[in-house]
Amino acid sequence: MTDRSELENIMQAIYQARADNDLDALMAYVHPACSFRIAGSDRLGPMAQKIEGGDAVRLNFKSLMDVWDLSKVGTLALHVDGETVFAHRAGEVRFVPSDARFETEFVDKVTFRDGLMVEIMEFVDTQQLVEVATPVAITVPLASFTVTEQAGG
């Protein structure tokens, strides 16, 4: 069993790697049997589906890092219960494709095995994520025109 202070230090290193967008440093803490999931309804589609296995988690983390900037998110509290850490985090999140920014809070539940993350569950405001990440449909009315054919033409 990993002790409390070691788990707290690992979590700080994980969050620093995420803030720095350092995928390799982040993956150094991922168990080959790791799973990742954002808690939410199946109606959210792939966003709330469980990802399993180190390779799949790596691809998912890469995709998340490409579009979500968490460099201004900090850890407010860490609670350790055995091999599980609950992290309360808050700050500014940026959706990179549109440069949309918003303040939010969320909780990560991370379970460790042999000092590596084996299960990651994020509890976030999924409605906020969907609203920020979904492009707004804009309807542009087209000018109507009439083509008339001239006789004899």
# chains A, B, ... in the order shown; residues from 1 in each chain; ligands from 1

call {"tool": "residues_around", "arguments": {"residues": "segment 53-63 of chain A", "least_positions_apart": "3", "cutoff": "8 Å", "atoms": "only C-alpha atoms", "output": "PDB file with all heavy atoms, in the first residue's frame"}}
result
ATOM      1  N   LEU A  23       2.414  14.775 -21.834  1.00  0.00           N
ATOM      2  CA  LEU A  23       1.751  13.474 -21.903  1.00  0.00           C
ATOM      3  C   LEU A  23       2.639  12.350 -21.376  1.00  0.00           C
ATOM      4  O   LEU A  23       2.170  11.474 -20.647  1.00  0.00           O
ATOM      5  CB  LEU A  23       1.305  13.182 -23.335  1.00  0.00           C
ATOM      6  CG  LEU A  23       0.538  11.885 -23.571  1.00  0.00           C
ATOM      7  CD1 LEU A  23      -0.745  11.829 -22.746  1.00  0.00           C
ATOM      8  CD2 LEU A  23       0.229  11.724 -25.051  1.00  0.00           C
ATOM      9  N   MET A  27       1.726   9.895 -18.330  1.00  0.00           N
ATOM     10  CA  MET A  27       1.591   8.456 -18.551  1.00  0.00           C
ATOM     11  C   MET A  27       2.524   7.635 -17.662  1.00  0.00           C
ATOM     12  O   MET A  27       2.268   6.454 -17.435  1.00  0.00           O
ATOM     13  CB  MET A  27       1.830   8.119 -20.023  1.00  0.00           C
ATOM     14  CG  MET A  27       0.721   8.617 -20.951  1.00  0.00           C
ATOM     15  SD  MET A  27      -0.943   8.049 -20.511  1.00  0.00           S
ATOM     16  CE  MET A  27      -0.761   6.274 -20.695  1.00  0.00           C
ATOM     17  N   VAL A  30       0.450   5.999 -15.050  1.00  0.00           N
ATOM     18  CA  VAL A  30      -0.715   5.229 -15.486  1.00  0.00           C
ATOM     19  C   VAL A  30      -0.384   3.737 -15.514  1.00  0.00           C
ATOM     20  O   VAL A  30       0.560   3.316 -16.178  1.00  0.00           O
ATOM     21  CB  VAL A  30      -1.195   5.702 -16.876  1.00  0.00           C
ATOM     22  CG1 VAL A  30      -2.295   4.806 -17.412  1.00  0.00           C
ATOM     23  CG2 VAL A  30      -1.675   7.150 -16.805  1.00  0.00           C
ATOM     24  N   HIS A  31      -1.181   2.966 -14.791  1.00  0.00           N
ATOM     25  CA  HIS A  31      -1.056   1.506 -14.769  1.00  0.00           C
ATOM     26  C   HIS A  31      -1.516   0.960 -16.124  1.00  0.00           C
ATOM     27  O   HIS A  31      -2.444   1.504 -16.733  1.00  0.00           O
ATOM     28  CB  HIS A  31      -1.934   0.952 -13.636  1.00  0.00           C
ATOM     29  CG  HIS A  31      -1.686  -0.470 -13.318  1.00  0.00           C
ATOM     30  ND1 HIS A  31      -2.202  -1.497 -14.084  1.00  0.00           N
ATOM     31  CD2 HIS A  31      -0.977  -1.045 -12.313  1.00  0.00           C
ATOM     32  CE1 HIS A  31      -1.820  -2.654 -13.567  1.00  0.00           C
ATOM     33  NE2 HIS A  31      -1.075  -2.410 -12.480  1.00  0.00           N
ATOM     34  N   PRO A  32      -0.890  -0.115 -16.632  1.00  0.00           N
ATOM     35  CA  PRO A  32      -1.322  -0.683 -17.920  1.00  0.00           C
ATOM     36  C   PRO A  32      -2.803  -1.090 -17.953  1.00  0.00           C
ATOM     37  O   PRO A  32      -3.411  -1.100 -19.022  1.00  0.00           O
ATOM     38  CB  PRO A  32      -0.428  -1.926 -18.085  1.00  0.00           C
ATOM     39  CG  PRO A  32       0.761  -1.660 -17.228  1.00  0.00           C
ATOM     40  CD  PRO A  32       0.275  -0.805 -16.081  1.00  0.00           C
ATOM     41  N   ALA A  33      -3.394  -1.391 -16.807  1.00  0.00           N
ATOM     42  CA  ALA A  33      -4.807  -1.788 -16.749  1.00  0.00           C
ATOM     43  C   ALA A  33      -5.709  -0.612 -16.364  1.00  0.00           C
ATOM     44  O   ALA A  33      -6.851  -0.821 -15.955  1.00  0.00           O
ATOM     45  CB  ALA A  33      -4.988  -2.929 -15.754  1.00  0.00           C
ATOM     46  N   CYS A  34      -5.226   0.593 -16.517  1.00  0.00           N
ATOM     47  CA  CYS A  34      -5.964   1.782 -16.087  1.00  0.00           C
ATOM     48  C   CYS A  34      -7.269   1.964 -16.873  1.00  0.00           C
ATOM     49  O   CYS A  34      -7.356   1.623 -18.050  1.00  0.00           O
ATOM     50  CB  CYS A  34      -5.088   3.020 -16.275  1.00  0.00           C
ATOM     51  SG  CYS A  34      -5.823   4.535 -15.612  1.00  0.00           S
ATOM     52  N   SER A  35      -8.264   2.514 -16.188  1.00  0.00           N
ATOM     53  CA  SER A  35      -9.504   2.929 -16.849  1.00  0.00           C
ATOM     54  C   SER A  35      -9.758   4.394 -16.517  1.00  0.00           C
ATOM     55  O   SER A  35      -9.325   4.893 -15.481  1.00  0.00           O
ATOM     56  CB  SER A  35     -10.690   2.071 -16.403  1.00  0.00           C
ATOM     57  OG  SER A  35     -10.996   2.295 -15.046  1.00  0.00           O
ATOM     58  N   PHE A  36     -10.450   5.070 -17.438  1.00  0.00           N
ATOM     59  CA  PHE A  36     -10.764   6.494 -17.274  1.00  0.00           C
ATOM     60  C   PHE A  36     -12.199   6.717 -17.705  1.00  0.00           C
ATOM     61  O   PHE A  36     -12.643   6.169 -18.724  1.00  0.00           O
ATOM     62  CB  PHE A  36      -9.836   7.355 -18.135  1.00  0.00           C
ATOM     63  CG  PHE A  36     -10.224   8.811 -18.161  1.00  0.00           C
ATOM     64  CD1 PHE A  36      -9.803   9.659 -17.154  1.00  0.00           C
ATOM     65  CD2 PHE A  36     -11.012   9.319 -19.176  1.00  0.00           C
ATOM     66  CE1 PHE A  36     -10.165  10.997 -17.161  1.00  0.00           C
ATOM     67  CE2 PHE A  36     -11.386  10.659 -19.194  1.00  0.00           C
ATOM     68  CZ  PHE A  36     -10.960  11.498 -18.183  1.00  0.00           C
ATOM     69  N   ASP A  66      -5.278  18.144 -26.128  1.00  0.00           N
ATOM     70  CA  ASP A  66      -5.309  18.958 -27.347  1.00  0.00           C
ATOM     71  C   ASP A  66      -6.399  20.024 -27.301  1.00  0.00           C
ATOM     72  O   ASP A  66      -6.261  21.066 -27.938  1.00  0.00           O
ATOM     73  CB  ASP A  66      -5.511  18.080 -28.582  1.00  0.00           C
ATOM     74  CG  ASP A  66      -4.263  17.295 -28.950  1.00  0.00           C
ATOM     75  OD1 ASP A  66      -3.166  17.610 -28.438  1.00  0.00           O
ATOM     76  OD2 ASP A  66      -4.393  16.344 -29.751  1.00  0.00           O
ATOM     77  N   VAL A  67      -7.490  19.754 -26.578  1.00  0.00           N
ATOM     78  CA  VAL A  67      -8.613  20.696 -26.618  1.00  0.00           C
ATOM     79  C   VAL A  67      -8.941  21.387 -25.291  1.00  0.00           C
ATOM     80  O   VAL A  67      -9.611  22.411 -25.289  1.00  0.00           O
ATOM     81  CB  VAL A  67      -9.893  20.048 -27.198  1.00  0.00           C
ATOM     82  CG1 VAL A  67      -9.697  19.642 -28.643  1.00  0.00           C
ATOM     83  CG2 VAL A  67     -10.348  18.878 -26.372  1.00  0.00           C
TER      84      VAL A  67
END

call {"tool": "closest_atom_pairs", "arguments": {"of": "segment 54-99 of chain A", "to": "segment 119-133 of chain A", "cutoff": "10 Å", "atoms": "only C-alpha atoms", "output": "Markdown table"}}
result
| residue | atom | partner | partner_atom | distance |
| --- | --- | --- | --- | --- |
| A:Val57 | CA | A:Ile120 | CA | 9.9 |
| A:Val67 | CA | A:Ala133 | CA | 9.1 |
| A:Trp68 | CA | A:Ala133 | CA | 9.6 |
| A:Thr84 | CA | A:Glu119 | CA | 9.1 |
| A:Val85 | CA | A:Ile120 | CA | 9.7 |
| A:Phe86 | CA | A:Met121 | CA | 9.6 |
| A:Ala87 | CA | A:Glu122 | CA | 9.6 |
| A:His88 | CA | A:Phe123 | CA | 9.8 |
| A:Val93 | CA | A:Leu129 | CA | 9.9 |
| A:Arg94 | CA | A:Val132 | CA | 9.4 |
| A:Phe95 | CA | A:Ala133 | CA | 7.0 |
| A:Val96 | CA | A:Ala133 | CA | 9.5 |
| A:Pro97 | CA | A:Ala133 | CA | 8.5 |
| A:Ser98 | CA | A:Ala133 | CA | 8.3 |
| A:Asp99 | CA | A:Val132 | CA | 9.8 |

call {"tool": "select_by_dssp", "arguments": {"residues": "segment 1-52 of chain A", "states": "strand (DSSP E)", "output": "JSON list (two decimals) with N, CA, C and O atoms, in the first residue's frame"}}
result
[["chain", "number", "residue", "atom", "x", "y", "z"],
["A", 30, "VAL", "N", 0.45, 6.00, -15.05],
["A", 30, "VAL", "CA", -0.72, 5.23, -15.49],
["A", 30, "VAL", "C", -0.38, 3.74, -15.51],
["A", 30, "VAL", "O", 0.56, 3.32, -16.18],
["A", 31, "HIS", "N", -1.18, 2.97, -14.79],
["A", 31, "HIS", "CA", -1.06, 1.51, -14.77],
["A", 31, "HIS", "C", -1.52, 0.96, -16.12],
["A", 31, "HIS", "O", -2.44, 1.50, -16.73],
["A", 32, "PRO", "N", -0.89, -0.11, -16.63],
["A", 32, "PRO", "CA", -1.32, -0.68, -17.92],
["A", 32, "PRO", "C", -2.80, -1.09, -17.95],
["A", 32, "PRO", "O", -3.41, -1.10, -19.02],
["A", 33, "ALA", "N", -3.39, -1.39, -16.81],
["A", 33, "ALA", "CA", -4.81, -1.79, -16.75],
["A", 33, "ALA", "C", -5.71, -0.61, -16.36],
["A", 33, "ALA", "O", -6.85, -0.82, -15.95],
["A", 34, "CYS", "N", -5.23, 0.59, -16.52],
["A", 34, "CYS", "CA", -5.96, 1.78, -16.09],
["A", 34, "CYS", "C", -7.27, 1.96, -16.87],
["A", 34, "CYS", "O", -7.36, 1.62, -18.05],
["A", 35, "SER", "N", -8.26, 2.51, -16.19],
["A", 35, "SER", "CA", -9.50, 2.93, -16.85],
["A", 35, "SER", "C", -9.76, 4.39, -16.52],
["A", 35, "SER", "O", -9.33, 4.89, -15.48],
["A", 36, "PHE", "N", -10.45, 5.07, -17.44],
["A", 36, "PHE", "CA", -10.76, 6.49, -17.27],
["A", 36, "PHE", "C", -12.20, 6.72, -17.70],
["A", 36, "PHE", "O", -12.64, 6.17, -18.72],
["A", 37, "ARG", "N", -12.90, 7.54, -16.94],
["A", 37, "ARG", "CA", -14.29, 7.87, -17.28],
["A", 37, "ARG", "C", -14.67, 9.21, -16.70],
["A", 37, "ARG", "O", -14.29, 9.54, -15.58],
["A", 38, "ILE", "N", -15.42, 9.97, -17.47],
["A", 38, "ILE", "CA", -16.06, 11.18, -16.97],
["A", 38, "ILE", "C", -17.48, 10.75, -16.59],
["A", 38, "ILE", "O", -18.20, 10.19, -17.43],
["A", 51, "ILE", "N", -13.02, 4.33, -20.75],
["A", 51, "ILE", "CA", -11.86, 4.00, -21.58],
["A", 51, "ILE", "C", -11.02, 3.03, -20.77],
["A", 51, "ILE", "O", -10.71, 3.30, -19.61],
["A", 52, "GLU", "N", -10.59, 1.92, -21.36],
["A", 52, "GLU", "CA", -9.85, 0.92, -20.61],
["A", 52, "GLU", "C", -8.55, 0.54, -21.31],
["A", 52, "GLU", "O", -8.51, 0.39, -22.53]]

call {"tool": "select_by_dssp", "arguments": {"residues": "segment 31-135 of chain A", "states": "alpha helix (DSSP H)", "output": "compact mmCIF listing (two decimals) with N, CA, C and O atoms, in the first residue's frame"}}
result
# COMPACT_ATOMS: atom_id res chain seq x y z
N GLY A 54 -4.01 0.99 -20.89
CA GLY A 54 -3.04 2.07 -20.95
C GLY A 54 -2.97 2.78 -22.30
O GLY A 54 -2.90 4.00 -22.36
N ASP A 55 -2.99 2.01 -23.40
CA ASP A 55 -2.90 2.63 -24.73
C ASP A 55 -4.13 3.49 -25.03
O ASP A 55 -4.02 4.59 -25.56
N ALA A 56 -5.30 2.98 -24.69
CA ALA A 56 -6.54 3.73 -24.92
C ALA A 56 -6.59 4.97 -24.04
O ALA A 56 -7.02 6.05 -24.48
N VAL A 57 -6.13 4.84 -22.79
CA VAL A 57 -6.10 6.00 -21.89
C VAL A 57 -5.13 7.05 -22.44
O VAL A 57 -5.42 8.24 -22.42
N ARG A 58 -3.99 6.61 -22.95
CA ARG A 58 -3.03 7.55 -23.53
C ARG A 58 -3.67 8.35 -24.68
O ARG A 58 -3.54 9.57 -24.75
N LEU A 59 -4.34 7.65 -25.59
CA LEU A 59 -5.01 8.33 -26.71
C LEU A 59 -6.06 9.32 -26.21
O LEU A 59 -6.19 10.43 -26.74
N ASN A 60 -6.82 8.90 -25.20
CA ASN A 60 -7.85 9.77 -24.64
C ASN A 60 -7.22 11.01 -23.99
O ASN A 60 -7.68 12.13 -24.19
N PHE A 61 -6.17 10.79 -23.19
CA PHE A 61 -5.49 11.93 -22.56
C PHE A 61 -4.95 12.89 -23.62
O PHE A 61 -5.05 14.10 -23.46
N LYS A 62 -4.37 12.35 -24.68
CA LYS A 62 -3.84 13.20 -25.76
C LYS A 62 -4.96 14.04 -26.37
O LYS A 62 -4.80 15.25 -26.57
N SER A 63 -6.09 13.40 -26.63
CA SER A 63 -7.23 14.14 -27.20
C SER A 63 -7.71 15.23 -26.24
O SER A 63 -8.00 16.35 -26.67
N LEU A 64 -7.81 14.91 -24.96
CA LEU A 64 -8.24 15.90 -23.97
C LEU A 64 -7.24 17.04 -23.87
O LEU A 64 -7.62 18.21 -23.79
N MET A 65 -5.96 16.72 -23.87
CA MET A 65 -4.92 17.75 -23.76
C MET A 65 -4.92 18.67 -24.97
O MET A 65 -4.61 19.86 -24.84
N ASP A 66 -5.28 18.14 -26.13
CA ASP A 66 -5.31 18.96 -27.35
C ASP A 66 -6.40 20.02 -27.30
O ASP A 66 -6.26 21.07 -27.94
N VAL A 67 -7.49 19.75 -26.58
CA VAL A 67 -8.61 20.70 -26.62
C VAL A 67 -8.94 21.39 -25.29
O VAL A 67 -9.61 22.41 -25.29
N THR A 126 -20.81 18.37 -16.76
CA THR A 126 -20.85 17.93 -18.15
C THR A 126 -21.71 18.85 -19.02
O THR A 126 -21.42 19.03 -20.20
N GLN A 127 -22.75 19.44 -18.44
CA GLN A 127 -23.57 20.38 -19.22
C GLN A 127 -22.73 21.56 -19.68
O GLN A 127 -22.81 21.99 -20.83
N GLN A 128 -21.89 22.07 -18.79
CA GLN A 128 -21.03 23.19 -19.15
C GLN A 128 -20.05 22.78 -20.25
O GLN A 128 -19.82 23.54 -21.19
N LEU A 129 -19.48 21.59 -20.14
CA LEU A 129 -18.55 21.11 -21.17
C LEU A 129 -19.24 21.02 -22.52
O LEU A 129 -18.68 21.44 -23.54
N VAL A 130 -20.44 20.46 -22.54
CA VAL A 130 -21.17 20.32 -23.80
C VAL A 130 -21.48 21.69 -24.39
O VAL A 130 -21.31 21.91 -25.59
N GLU A 131 -21.91 22.62 -23.56
CA GLU A 131 -22.25 23.96 -24.07
C GLU A 131 -21.02 24.66 -24.65
O GLU A 131 -21.12 25.33 -25.67
N VAL A 132 -19.88 24.50 -24.03
CA VAL A 132 -18.66 25.16 -24.51
C VAL A 132 -18.11 24.46 -25.75
O VAL A 132 -17.65 25.11 -26.68
N ALA A 133 -18.17 23.14 -25.77
CA ALA A 133 -17.54 22.38 -26.84
C ALA A 133 -18.41 22.21 -28.08
O ALA A 133 -17.91 21.87 -29.14

call {"tool": "closest_residue", "arguments": {"among": "A:Ala48, A:Ile10, A:Val107, A:Ala25", "to": "Leu76 of chain A", "atoms": "only C-alpha atoms"}}
result
A:Val107

call {"tool": "closest_residue", "arguments": {"among": "A:Arg43, A:Arg4, A:Arg89, A:Arg18", "to": "Val73 of chain A", "atoms": "only C-alpha atoms"}}
result
A:Arg89

call {"tool": "closest_residue", "arguments": {"among": "A:Ala19, A:Met47, A:Met11, A:Met117", "to": "Leu70 of chain A", "atoms": "only C-alpha atoms"}}
result
A:Ala19

call {"tool": "atom_distance", "arguments": {"atom1": "atom CA of Ala90 of chain A", "atom2": "atom CA of Thr75 of chain A"}}
result
6.5 Å

call {"tool": "closest_residue", "arguments": {"among": "A:Gly91, A:Gly82, A:Val118, A:Ala100", "to": "Thr2 of chain A", "atoms": "only C-alpha atoms"}}
result
A:Gly82

call {"tool": "atom_distance", "arguments": {"atom1": "atom CA of Gln49 of chain A", "atom2": "atom CA of Asp108 of chain A"}}
result
15.9 Å
